[in-house]
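Encoded as structure tokens, the structure appears first; notes follow it.
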Amino acid sequence: MWFGVVSLFPEMFQALNAGITGRALKDQLLQLNHWNPRDFALDKHKSVDDRPYGGGPGMVMMAEPLREAIHAAKSAAPTPPLVVYMSPQGKLFNQHAAHALAEKQSIILLSGRYEGVDERLIQQEIDEEWSIGDYILSGGELAAMVVIDAIARLIPGIVGDQDSVLLDSLSDGLLKYPQYTRPEQVNGASVPPVLLSGHHRQINTWRLKASLGQTWLKRPDLLAKKQLSREELALLNEFIEDFLQ
Ligand code: 4FM
């Protein structure tokens, strides 16, 4: 999968050279290319921002350096890319959105800085606007990295065991069940006995019940959106009953 990033701070994306994404970049399962709007500034001072019309605090990113950078990225993309702008005004990015975007072969991510991007650039060049959450970052770079990371691990071959991706928390709209590893006793606390039993059917049932329970306890908003099967409803009722004992 190919990503083109348009950002004034391409060096920030070096964080992706660590871990899973780092391996994927080395193996070229993931390609990341950068276009700095500074290199497309029209004047001798290399301006990329200017004061907002109408007054007010801060600066606004100018349309033309961004447009030229996006067009250069488009020309270099291996397939016609989706052009995405990261901003708090975008649609809330979640695991479902990550799966949908992972279907694309090429994506250009625009990371803004300052108080915003000239609205005409957004209207004319951006296909989709996405937000990683209801808070304000200093720029779109960290948001773009979040999106790249979440998408990358869905690409077959990038995460070693693709089963772990299918079983991921949130893939089915539920939180993950609790995990345990050796030793069997940690500061007086033991492991749920079923996990040591070797009964795989019972273990799967315990994990489904625990997932439903964790979601009920910690993210009831997710549960409200999910259609539960009869088995899931029964397990959740069991969990709630146990919990209330
Ligand atoms: C975005 C700063 C554009 C400046 C930002 C400009 C954000 C978010 C975010 C900050 N992006 N989800 N939340 N961006 O806060 O995606 Cl010009």
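Residue numbering restarts at 1 for every chain of the structure tokens, chains are lettered A, B, ... in their displayed order, and ligands are numbered from 1 as they appear.
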Taking only C-alpha atoms and all ligand atoms into account, produce a table as a Markdown table in which each residue of chain A with an atom at most 7 Å from an atom of ligand 1 appears once, together with its shortest atom pair and the distance in Å to one decimal, ordered by chain and rising number.
| residue | atom | partner | partner_atom_place_in_ligand_line | distance |
| --- | --- | --- | --- | --- |
| A:Met61 | CA | ligand 1 | 17 (Cl) | 6.5 |
| A:Met86 | CA | ligand 1 | 16 (O) | 4.2 |
| A:Ser87 | CA | ligand 1 | 11 (N) | 3.5 |
| A:Pro88 | CA | ligand 1 | 13 (N) | 4.1 |
| A:Ser111 | CA | ligand 1 | 3 (C) | 6.3 |
| A:Gly112 | CA | ligand 1 | 17 (Cl) | 3.5 |
| A:Arg113 | CA | ligand 1 | 4 (C) | 3.8 |
| A:Tyr114 | CA | ligand 1 | 4 (C) | 4.9 |
| A:Glu115 | CA | ligand 1 | 17 (Cl) | 5.3 |
| A:Gly116 | CA | ligand 1 | 17 (Cl) | 3.3 |
| A:Val117 | CA | ligand 1 | 17 (Cl) | 4.8 |
| A:Trp130 | CA | ligand 1 | 16 (O) | 6.1 |
| A:Ser131 | CA | ligand 1 | 12 (N) | 3.4 |
| A:Ile132 | CA | ligand 1 | 12 (N) | 4.0 |
| A:Gly133 | CA | ligand 1 | 13 (N) | 4.8 |
| A:Asp134 | CA | ligand 1 | 13 (N) | 5.6 |
| A:Tyr135 | CA | ligand 1 | 13 (N) | 5.0 |
| A:Ile136 | CA | ligand 1 | 15 (O) | 3.7 |
| A:Leu137 | CA | ligand 1 | 15 (O) | 3.7 |
| A:Ser138 | CA | ligand 1 | 2 (C) | 5.1 |
| A:Gly139 | CA | ligand 1 | 2 (C) | 3.6 |
| A:Gly140 | CA | ligand 1 | 14 (N) | 4.2 |
| A:Ala143 | CA | ligand 1 | 16 (O) | 4.8 |
Please give the complete set of residues from chain A that DSSP, run on the backbone, assigns to strand (DSSP E or B), formatted as a CSV table (one decimal) with all heavy atoms, in the first residue's frame.
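Saved to selection08.csv:
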chain,number,residue,atom,x,y,z
A,2,TRP,N,0.4,2.2,-0.8
A,2,TRP,CA,1.2,3.5,-1.0
A,2,TRP,C,0.6,4.6,-0.2
A,2,TRP,O,-0.6,4.9,-0.4
A,2,TRP,CB,1.3,3.7,-2.5
A,2,TRP,CG,2.2,4.9,-2.8
A,2,TRP,CD1,3.5,4.9,-3.2
A,2,TRP,CD2,1.7,6.3,-3.0
A,2,TRP,NE1,3.9,6.2,-3.5
A,2,TRP,CE2,2.8,7.1,-3.4
A,2,TRP,CE3,0.5,7.0,-2.8
A,2,TRP,CZ2,2.8,8.4,-3.6
A,2,TRP,CZ3,0.5,8.3,-3.0
A,2,TRP,CH2,1.6,9.1,-3.4
A,3,PHE,N,1.4,5.3,0.6
A,3,PHE,CA,0.9,6.6,1.2
A,3,PHE,C,1.8,7.7,0.8
A,3,PHE,O,3.0,7.6,0.8
A,3,PHE,CB,1.0,6.5,2.8
A,3,PHE,CG,0.0,5.6,3.4
A,3,PHE,CD1,0.2,4.3,3.7
A,3,PHE,CD2,-1.3,6.1,3.6
A,3,PHE,CE1,-0.7,3.5,4.3
A,3,PHE,CE2,-2.3,5.4,4.2
A,3,PHE,CZ,-2.0,4.0,4.6
A,4,GLY,N,1.2,8.8,0.4
A,4,GLY,CA,1.9,10.1,0.1
A,4,GLY,C,1.4,11.0,1.2
A,4,GLY,O,0.3,11.2,1.4
A,5,VAL,N,2.4,11.6,1.8
A,5,VAL,CA,2.1,12.5,2.9
A,5,VAL,C,2.5,13.9,2.5
A,5,VAL,O,3.6,14.2,2.0
A,5,VAL,CB,2.9,12.1,4.2
A,5,VAL,CG1,2.8,13.2,5.3
A,5,VAL,CG2,2.3,10.8,4.8
A,6,VAL,N,1.6,14.9,2.7
A,6,VAL,CA,1.9,16.3,2.5
A,6,VAL,C,1.9,17.0,3.9
A,6,VAL,O,0.9,17.0,4.6
A,6,VAL,CB,0.8,16.9,1.6
A,6,VAL,CG1,1.0,18.4,1.5
A,6,VAL,CG2,0.8,16.3,0.2
A,31,GLN,N,4.6,1.7,1.5
A,31,GLN,CA,5.5,2.7,0.9
A,31,GLN,C,5.0,4.1,1.4
A,31,GLN,O,3.8,4.3,1.4
A,31,GLN,CB,5.4,2.7,-0.6
A,31,GLN,CG,6.1,1.5,-1.3
A,31,GLN,CD,5.9,1.6,-2.8
A,31,GLN,OE1,4.8,1.2,-3.3
A,31,GLN,NE2,6.9,2.0,-3.5
A,32,LEU,N,6.0,4.9,1.8
A,32,LEU,CA,5.7,6.2,2.4
A,32,LEU,C,6.5,7.2,1.7
A,32,LEU,O,7.8,7.1,1.7
A,32,LEU,CB,6.0,6.2,3.9
A,32,LEU,CG,5.5,7.3,4.8
A,32,LEU,CD1,4.0,7.6,4.6
A,32,LEU,CD2,5.9,7.0,6.2
A,33,ASN,N,5.9,8.2,1.0
A,33,ASN,CA,6.6,9.3,0.3
A,33,ASN,C,6.1,10.6,0.8
A,33,ASN,O,5.0,10.7,1.2
A,33,ASN,CB,6.4,9.2,-1.2
A,33,ASN,CG,7.2,8.0,-1.7
A,33,ASN,OD1,8.4,8.0,-1.8
A,33,ASN,ND2,6.5,6.9,-2.1
A,34,HIS,N,7.0,11.6,0.8
A,34,HIS,CA,6.7,12.9,1.4
A,34,HIS,C,6.8,14.0,0.4
A,34,HIS,O,7.7,14.0,-0.5
A,34,HIS,CB,7.7,13.2,2.6
A,34,HIS,CG,7.5,12.2,3.7
A,34,HIS,ND1,6.6,12.4,4.7
A,34,HIS,CD2,8.2,11.1,4.0
A,34,HIS,CE1,6.6,11.4,5.5
A,34,HIS,NE2,7.6,10.6,5.2
A,35,TRP,N,5.8,15.0,0.6
A,35,TRP,CA,5.9,16.2,-0.2
A,35,TRP,C,5.7,17.4,0.8
A,35,TRP,O,4.7,17.4,1.6
A,35,TRP,CB,4.8,16.2,-1.2
A,35,TRP,CG,5.2,15.4,-2.4
A,35,TRP,CD1,5.8,15.9,-3.6
A,35,TRP,CD2,5.0,14.0,-2.6
A,35,TRP,NE1,6.0,14.8,-4.4
A,35,TRP,CE2,5.6,13.7,-3.8
A,35,TRP,CE3,4.5,13.0,-1.8
A,35,TRP,CZ2,5.6,12.4,-4.3
A,35,TRP,CZ3,4.5,11.7,-2.3
A,35,TRP,CH2,5.1,11.4,-3.5
A,49,ASP,N,2.0,30.2,4.8
A,49,ASP,CA,0.9,30.6,5.6
A,49,ASP,C,0.8,32.1,5.5
A,49,ASP,O,1.7,32.8,5.1
A,49,ASP,CB,1.1,30.2,7.0
A,49,ASP,CG,2.3,30.8,7.7
A,49,ASP,OD1,3.4,31.0,7.0
A,49,ASP,OD2,2.3,31.1,8.9
A,50,ASP,N,-0.5,32.6,5.8
A,50,ASP,CA,-0.7,34.0,5.8
A,50,ASP,C,-1.8,34.3,6.8
A,50,ASP,O,-2.5,33.3,7.3
A,50,ASP,CB,-1.1,34.4,4.4
A,50,ASP,CG,-0.8,35.9,4.1
A,50,ASP,OD1,-0.7,36.7,5.0
A,50,ASP,OD2,-0.7,36.2,2.9
A,60,VAL,N,-3.1,31.0,8.5
A,60,VAL,CA,-3.9,29.9,7.8
A,60,VAL,C,-2.9,29.4,6.7
A,60,VAL,O,-2.2,30.2,6.1
A,60,VAL,CB,-5.1,30.6,7.1
A,60,VAL,CG1,-5.8,29.6,6.2
A,60,VAL,CG2,-6.1,31.1,8.2
A,61,MET,N,-2.9,28.1,6.4
A,61,MET,CA,-2.1,27.6,5.3
A,61,MET,C,-2.7,28.0,4.0
A,61,MET,O,-3.9,27.9,3.7
A,61,MET,CB,-2.0,26.0,5.4
A,61,MET,CG,-1.2,25.6,6.6
A,61,MET,SD,-0.9,23.8,6.6
A,61,MET,CE,0.6,23.7,5.7
A,82,LEU,N,-6.8,8.3,-3.1
A,82,LEU,CA,-7.8,9.0,-2.3
A,82,LEU,C,-7.0,10.1,-1.6
A,82,LEU,O,-5.9,9.8,-1.0
A,82,LEU,CB,-8.4,8.0,-1.3
A,82,LEU,CG,-9.6,8.6,-0.5
A,82,LEU,CD1,-10.8,8.7,-1.3
A,82,LEU,CD2,-9.8,7.7,0.8
A,83,VAL,N,-7.6,11.3,-1.6
A,83,VAL,CA,-6.9,12.4,-0.9
A,83,VAL,C,-7.6,12.7,0.4
A,83,VAL,O,-8.8,13.1,0.4
A,83,VAL,CB,-6.8,13.7,-1.8
A,83,VAL,CG1,-6.0,14.8,-1.1
A,83,VAL,CG2,-6.2,13.3,-3.2
A,84,VAL,N,-6.9,12.5,1.5
A,84,VAL,CA,-7.5,12.6,2.8
A,84,VAL,C,-6.9,13.8,3.6
A,84,VAL,O,-5.7,14.0,3.6
A,84,VAL,CB,-7.3,11.3,3.6
A,84,VAL,CG1,-7.7,11.4,5.1
A,84,VAL,CG2,-8.0,10.2,2.9
A,85,TYR,N,-7.8,14.6,4.3
A,85,TYR,CA,-7.3,15.7,5.1
A,85,TYR,C,-7.6,15.3,6.6
A,85,TYR,O,-8.8,14.9,6.9
A,85,TYR,CB,-8.0,17.0,4.7
A,85,TYR,CG,-7.8,18.2,5.6
A,85,TYR,CD1,-6.5,18.5,6.0
A,85,TYR,CD2,-8.8,19.0,6.1
A,85,TYR,CE1,-6.2,19.6,6.8
A,85,TYR,CE2,-8.6,20.1,6.9
A,85,TYR,CZ,-7.3,20.4,7.2
A,85,TYR,OH,-7.0,21.5,8.0
A,86,MET,N,-6.6,15.4,7.5
A,86,MET,CA,-6.8,15.1,8.9
A,86,MET,C,-7.2,16.3,9.6
A,86,MET,O,-6.4,17.3,9.6
A,86,MET,CB,-5.5,14.5,9.5
A,86,MET,CG,-5.0,13.2,8.8
A,86,MET,SD,-6.3,11.9,8.7
A,86,MET,CE,-6.8,11.7,10.4
A,87,SER,N,-8.3,16.4,10.3
A,87,SER,CA,-8.7,17.6,11.0
A,87,SER,C,-9.8,17.2,12.0
A,87,SER,O,-10.5,16.2,11.9
A,87,SER,CB,-9.2,18.7,10.1
A,87,SER,OG,-10.6,18.7,10.0
A,88,PRO,N,-9.9,18.0,13.1
A,88,PRO,CA,-11.0,17.8,14.1
A,88,PRO,C,-12.4,17.9,13.5
A,88,PRO,O,-13.4,17.5,14.1
A,88,PRO,CB,-10.8,18.8,15.1
A,88,PRO,CG,-9.4,19.3,14.9
A,88,PRO,CD,-9.1,19.2,13.5
A,89,GLN,N,-12.5,18.5,12.3
A,89,GLN,CA,-13.8,18.6,11.6
A,89,GLN,C,-14.2,17.4,10.8
A,89,GLN,O,-15.3,17.3,10.3
A,89,GLN,CB,-13.8,19.8,10.6
A,89,GLN,CG,-13.9,21.2,11.3
A,89,GLN,CD,-12.5,21.6,11.9
A,89,GLN,OE1,-11.5,21.5,11.3
A,89,GLN,NE2,-12.5,22.1,13.1
A,90,GLY,N,-13.3,16.4,10.8
A,90,GLY,CA,-13.6,15.2,9.9
A,90,GLY,C,-14.5,14.2,10.6
A,90,GLY,O,-14.9,14.4,11.8
A,91,LYS,N,-14.8,13.2,9.9
A,91,LYS,CA,-15.6,12.0,10.4
A,91,LYS,C,-14.7,11.3,11.4
A,91,LYS,O,-13.5,11.1,11.1
A,91,LYS,CB,-16.0,11.1,9.3
A,91,LYS,CG,-17.4,11.3,8.9
A,91,LYS,CD,-17.8,10.2,7.9
A,91,LYS,CE,-18.0,8.8,8.5
A,91,LYS,NZ,-18.6,7.8,7.6
A,92,LEU,N,-15.3,10.8,12.5
A,92,LEU,CA,-14.5,10.1,13.5
A,92,LEU,C,-13.9,8.8,13.0
A,92,LEU,O,-14.7,7.9,12.5
A,92,LEU,CB,-15.4,9.9,14.7
A,92,LEU,CG,-14.8,9.9,16.1
A,92,LEU,CD1,-13.9,11.2,16.3
A,92,LEU,CD2,-15.9,9.9,17.1
A,106,SER,N,-3.8,3.4,-2.9
A,106,SER,CA,-3.0,4.6,-2.7
A,106,SER,C,-3.8,5.7,-1.9
A,106,SER,O,-4.9,5.9,-2.3
A,106,SER,CB,-2.5,5.2,-4.0
A,106,SER,OG,-1.9,4.3,-4.8
A,107,ILE,N,-3.1,6.3,-0.9
A,107,ILE,CA,-3.8,7.3,-0.2
A,107,ILE,C,-2.8,8.5,0.0
A,107,ILE,O,-1.7,8.3,0.4
A,107,ILE,CB,-4.3,6.8,1.2
A,107,ILE,CG1,-5.3,5.7,1.1
A,107,ILE,CG2,-4.8,8.0,2.1
A,107,ILE,CD1,-5.8,5.1,2.4
A,108,ILE,N,-3.3,9.7,-0.2
A,108,ILE,CA,-2.5,10.9,0.1
A,108,ILE,C,-3.1,11.5,1.4
A,108,ILE,O,-4.4,11.6,1.5
A,108,ILE,CB,-2.6,11.9,-1.0
A,108,ILE,CG1,-1.8,11.4,-2.3
A,108,ILE,CG2,-2.0,13.3,-0.6
A,108,ILE,CD1,-2.0,12.3,-3.5
A,109,LEU,N,-2.3,11.7,2.4
A,109,LEU,CA,-2.7,12.3,3.6
A,109,LEU,C,-2.2,13.7,3.8
A,109,LEU,O,-1.0,13.9,3.7
A,109,LEU,CB,-2.2,11.5,4.8
A,109,LEU,CG,-2.9,10.1,5.0
A,109,LEU,CD1,-2.0,9.2,5.9
A,109,LEU,CD2,-4.3,10.3,5.6
A,110,LEU,N,-3.1,14.7,3.9
A,110,LEU,CA,-2.7,16.1,4.1
A,110,LEU,C,-2.7,16.4,5.6
A,110,LEU,O,-3.7,16.2,6.3
A,110,LEU,CB,-3.6,17.0,3.4
A,110,LEU,CG,-3.5,18.5,3.7
A,110,LEU,CD1,-2.1,19.0,3.4
A,110,LEU,CD2,-4.5,19.3,2.9
A,111,SER,N,-1.5,16.7,6.2
A,111,SER,CA,-1.4,17.1,7.6
A,111,SER,C,-1.2,18.6,7.6
A,111,SER,O,-0.2,19.1,7.2
A,111,SER,CB,-0.2,16.4,8.2
A,111,SER,OG,-0.4,15.0,8.1
A,117,VAL,N,-6.5,25.3,7.2
A,117,VAL,CA,-6.1,25.3,5.8
A,117,VAL,C,-7.2,26.1,5.0
A,117,VAL,O,-8.4,26.1,5.4
A,117,VAL,CB,-6.1,23.9,5.2
A,117,VAL,CG1,-6.1,23.8,3.7
A,117,VAL,CG2,-4.9,23.1,5.8
A,128,GLU,N,-11.9,13.1,1.3
A,128,GLU,CA,-12.5,12.8,2.6
A,128,GLU,C,-11.7,13.5,3.7
A,128,GLU,O,-10.5,13.6,3.7
A,128,GLU,CB,-12.4,11.2,2.8
A,128,GLU,CG,-13.2,10.4,1.8
A,128,GLU,CD,-13.2,8.9,2.1
A,128,GLU,OE1,-12.5,8.5,3.1
A,128,GLU,OE2,-13.7,8.2,1.3
A,129,GLU,N,-12.5,13.9,4.7
A,129,GLU,CA,-11.9,14.5,5.9
A,129,GLU,C,-12.1,13.6,7.1
A,129,GLU,O,-13.2,13.2,7.4
A,129,GLU,CB,-12.5,15.9,6.1
A,129,GLU,CG,-11.8,16.9,7.0
A,129,GLU,CD,-12.4,18.3,7.0
A,129,GLU,OE1,-13.2,18.6,6.1
A,129,GLU,OE2,-12.0,19.1,7.9
A,130,TRP,N,-11.0,13.3,7.8
A,130,TRP,CA,-11.1,12.3,8.9
A,130,TRP,C,-10.5,12.9,10.2
A,130,TRP,O,-9.5,13.7,10.1
A,130,TRP,CB,-10.4,11.0,8.6
A,130,TRP,CG,-11.1,10.2,7.6
A,130,TRP,CD1,-10.9,10.0,6.3
A,130,TRP,CD2,-12.2,9.3,7.9
A,130,TRP,NE1,-11.7,9.1,5.7
A,130,TRP,CE2,-12.6,8.7,6.7
A,130,TRP,CE3,-12.9,9.0,9.1
A,130,TRP,CZ2,-13.6,7.7,6.6
A,130,TRP,CZ3,-14.0,8.1,9.0
A,130,TRP,CH2,-14.3,7.5,7.8
A,131,SER,N,-11.1,12.6,11.3
A,131,SER,CA,-10.6,13.1,12.6
A,131,SER,C,-10.3,11.8,13.5
A,131,SER,O,-11.0,10.8,13.4
A,131,SER,CB,-11.7,13.9,13.4
A,131,SER,OG,-11.3,14.0,14.7
A,186,VAL,N,0.4,-14.1,40.1
A,186,VAL,CA,1.1,-12.8,40.1
A,186,VAL,C,0.6,-12.0,41.3
A,186,VAL,O,-0.6,-11.6,41.4
A,186,VAL,CB,0.8,-12.0,38.8
A,186,VAL,CG1,1.2,-10.5,38.9
A,186,VAL,CG2,1.4,-12.7,37.6
A,189,ALA,N,-2.6,-13.2,42.7
A,189,ALA,CA,-3.7,-13.3,41.7
A,189,ALA,C,-3.5,-14.5,40.8
A,189,ALA,O,-2.4,-14.6,40.2
A,189,ALA,CB,-3.9,-12.0,41.0
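If you measure from each of A:Val191, A:Ile20, A:Glu141, A:Asp43 to Asp161 (chain A) using only C-alpha atoms, the closest one turns out to be A:Ile20.
As for CA of Tyr177 (chain A) and CA of Gly213 (chain A), they are spaced 8.4 Å apart.
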Give the alpha helix (DSSP H) residues of region 11-210 of chain A, as assigned by DSSP on the backbone, as a count of residues only.
64
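Checking A:Glu184, A:Met12, A:Leu196, A:Lys176 one by one against Ser164 (chain A), counting only C-alpha atoms, you find the shortest gap at A:Lys176.
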Residue nearest Trp206 (chain A) - candidates A:Gly58, A:Pro65, A:Gly160, A:Pro178, atoms counted: only C-alpha atoms
A:Pro178
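Distances from A:Lys26, A:Arg230, A:Arg207, A:Lys46 to Leu167 (chain A) were compared using only C-alpha atoms, and the smallest one belongs to A:Arg207.
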A:Pro80, A:Pro57, A:Gly157, A:Pro10: which is nearest Asp27 (chain A), counting only C-alpha atoms?
A:Gly157
What is the CA of Leu154 (chain A) to CA of Ser169 (chain A) distance in Å?
12.9 Å
So that I can see what lies close to Gln95 (chain A), please list as a list in words the residues with an atom at most 10 Å from it, counting only C-alpha atoms and leaving out residues fewer than 6 positions away in the same chain.
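What passes the distance filter is Leu101, Val147, Ala150, Ile151, Leu154, Asp168, Ser169, Leu170, Ser171, Asp172 and Gly173 of chain A.
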Those selected residues, please, written with C-alpha atoms and delivered as a compact mmCIF listing (two decimals), in the first residue's frame.
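Output contents, as saved in out_9.txt:
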# COMPACT_ATOMS: atom_id res chain seq x y z
CA LEU A 101 -9.42 2.70 3.88
CA VAL A 147 -4.30 6.42 10.47
CA ALA A 150 -4.11 1.43 12.00
CA ILE A 151 -4.47 0.76 8.25
CA LEU A 154 -4.74 -4.69 8.35
CA ASP A 168 -8.52 -7.66 17.39
CA SER A 169 -10.44 -5.69 19.90
CA LEU A 170 -13.16 -3.68 18.07
CA SER A 171 -13.05 -5.72 14.82
CA ASP A 172 -16.40 -7.16 15.88
CA GLY A 173 -17.49 -4.05 17.79
Would you please work out which residue, of A:Met145, A:Ile122, A:Leu175, A:Ala100, is nearest to Gln14 (chain A) when using only C-alpha atoms?
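Checking each of A:Met145, A:Ile122, A:Leu175, A:Ala100 against Gln14 (chain A), counting only C-alpha atoms, the winner is A:Met145.
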Within 12 Å of Leu174 (chain A), counting only C-alpha atoms, which residues qualify if same-chain residues fewer than 4 places away don't, as a ChimeraX atom specification?
/A:95,167-170,207-228,232,236
Just give me the gap between CA of Gly188 (chain A) and CA of Leu235 (chain A) in Å, one decimal is fine.
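Here the two named atoms are 27.8 Å from each other.
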